[in-house]
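Notes to accompany the following structure.
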Amino acid sequence: MRAVAIKKGQSREQAAGLQETGTLRCEGCGEEFVIGHDLASVDKWLADKQAHWLERVLADEHEREKKHPDRLRERIRLDSIICVVDADQVFAHPEYPPLMELKLRQVGFADMLILNKLDLAGPEQVGRVRAWLDEHFSPLRIVETNFCDVPYEILLGVGRFDPTRAAINSHADKRSCTDANCHDDHHEPDHSKMFSTWSYETDRPLALEALRETLRKLPGSVYRAKGVVYTTDAPQRRAVLQVVGRRVDISLQDEWGGRAPRTQIVAIGAAGSIDAMLLEKTFASCISTAGI
């Protein structure tokens with residue numbers, strides 16, 4: 001028999017053609033649900049049975065919430081806020097100022113901006129968009145692309161840090177295509193032609209506050225940085241670093257144990273735009289002169 005339970009106040013499109021046979025109030029949260037059954041086969045005994053079943057499901061769910069109130073919070077963290085801008089249509093509807101204001105607010109809250117559809121917009125339009133963004137935001141991490149084709153290494157800081165996996169597409173598939181405007185679905189763009197990586201290593205401890213300040217001032221061409229850090233603030237523990245756009249996250253993790261304490265950081269940015277000497281000098285300035 002077809003039946004649905006819909007929370008009061010929500011759309012009843014799912015209950016079209018069904019007969020309302022009663023309501024159920026959850027004792028755990030106070031929410032009320034409307035029960036609907038198929039007109040052709042509605043039966044009071046079955047309706048009561050299903051209502052009891054739903055009541056048990058809700059009670060079990062609330063019991064789990066009581067025992068594990070932070071179960072999702074422990075598993076999920078905010079990695080980054082990414083804003084995708086259509087370079088071709090971003091200036092559409094200029095006659096409606098609130099819409100343009102909304103677009104600026106969305107960009108303003110983002111850690112990184114994906115400027116998409118460059119092929120449709122053309123160089124002149126892209127230049128206008130860039131000038132518009134520079135007028136309102138500085139610095140702003142902007143990744144230019146078509147079809148939102150951006151490596152996961154830039155978008156997400158997932159997985160444990162591994163310097164051997166830092167290079168983007170270091171072993172590109174033979175089907176890779178270096179033409180950014182190629183629309184062949186059988187070709188995969190060679191991201192190594194679009195983005196560059198740079199790494200920094202030292203066995204001398206860094207000062208966390210100096211490192212945080214440095215990371216906030218990284219050039220706009222550096223999209224993301226990640227790694228493990230040996231610090232004077234907590235020399236016995238590994239500090240895990242995640243930087244995306246303007247967001248800096250440094251968290252203390254497990255102890256080094258039998259591993260030799262060592263800082264290893266990888267930065268990812270636009271191809272050919274990373275100034276290795278400048279970054280080397282910048283990170284070296286965070287080395288602590290105080291003894292441990």
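By order of appearance in the structure tokens: chains A, B, ..., then residues from 1 within every chain, and ligands from 1 in the order shown.
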Using the chain letters and numbers from this document, which residues of region 81-153 of chain A does DSSP assign to helix (DSSP H, G or I), as a PyMOL selection string? chain A and resi 97-109+118-136+152-153
Using only C-alpha atoms, the shortest atom-to-atom distance to Tyr152 (chain A) among A:Arg247, A:His93, A:Arg238, A:Arg224 belongs to A:Arg224
Can I get the residues of region 60-156 of chain A within 6 Å of region 218-223 of chain A, each with the closest pair of atoms and their distance in Å to one decimal, using only C-alpha atoms, sorted chain first then ascending number, as a Markdown table?
| residue | atom | partner | partner_atom | distance |
| --- | --- | --- | --- | --- |
| A:Pro139 | CA | A:Gly220 | CA | 5.8 |
| A:Leu140 | CA | A:Gly220 | CA | 5.8 |
| A:Arg141 | CA | A:Gly220 | CA | 4.9 |
Keeping N, CA and C atoms for every residue in the selection just given, could you write it to a file as a compact mmCIF listing (two decimals), in the first residue's frame?
# COMPACT_ATOMS: atom_id res chain seq x y z
N PRO A 139 43.81 41.11 -2.06
CA PRO A 139 44.03 40.24 -3.22
C PRO A 139 42.92 39.20 -3.33
N LEU A 140 42.76 38.64 -4.49
CA LEU A 140 41.74 37.62 -4.72
C LEU A 140 42.34 36.49 -5.54
N ARG A 141 42.20 35.26 -5.03
CA ARG A 141 42.71 34.10 -5.76
C ARG A 141 41.73 33.74 -6.86
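Put simply, CA of Ile81 (chain A) is 21.9 Å away from CA of Leu211 (chain A).
Residues lying within 8 Å of Val248 (chain A), counting only C-alpha atoms and ignoring same-chain neighbours fewer than 4 positions away, are Arg212, Leu215, Arg216, Leu241, Gln242, Val243 and Val244 of chain A.
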For the selection just defined, write its residues with C-alpha atoms to a file, as a PDB file, in the first residue's frame.
ATOM      1  CA  ARG A 212      50.121  32.389  10.006  1.00  0.00           C
ATOM      2  CA  LEU A 215      50.333  32.623   4.830  1.00  0.00           C
ATOM      3  CA  ARG A 216      47.756  35.422   4.967  1.00  0.00           C
ATOM      4  CA  LEU A 241      48.632  23.119   7.484  1.00  0.00           C
ATOM      5  CA  GLN A 242      45.773  23.796   5.042  1.00  0.00           C
ATOM      6  CA  VAL A 243      45.571  27.042   3.087  1.00  0.00           C
ATOM      7  CA  VAL A 244      43.045  27.812   0.382  1.00  0.00           C
TER       8      VAL A 244
END
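Counting only C-alpha atoms and comparing A:Ser288, A:Thr263, A:Asn116, A:Gln253, the residue that lies closest to Ser199 (chain A) is A:Thr263.
The coordinates place CA of Phe147 (chain A) at 22.2 Å from CA of Ala131 (chain A).
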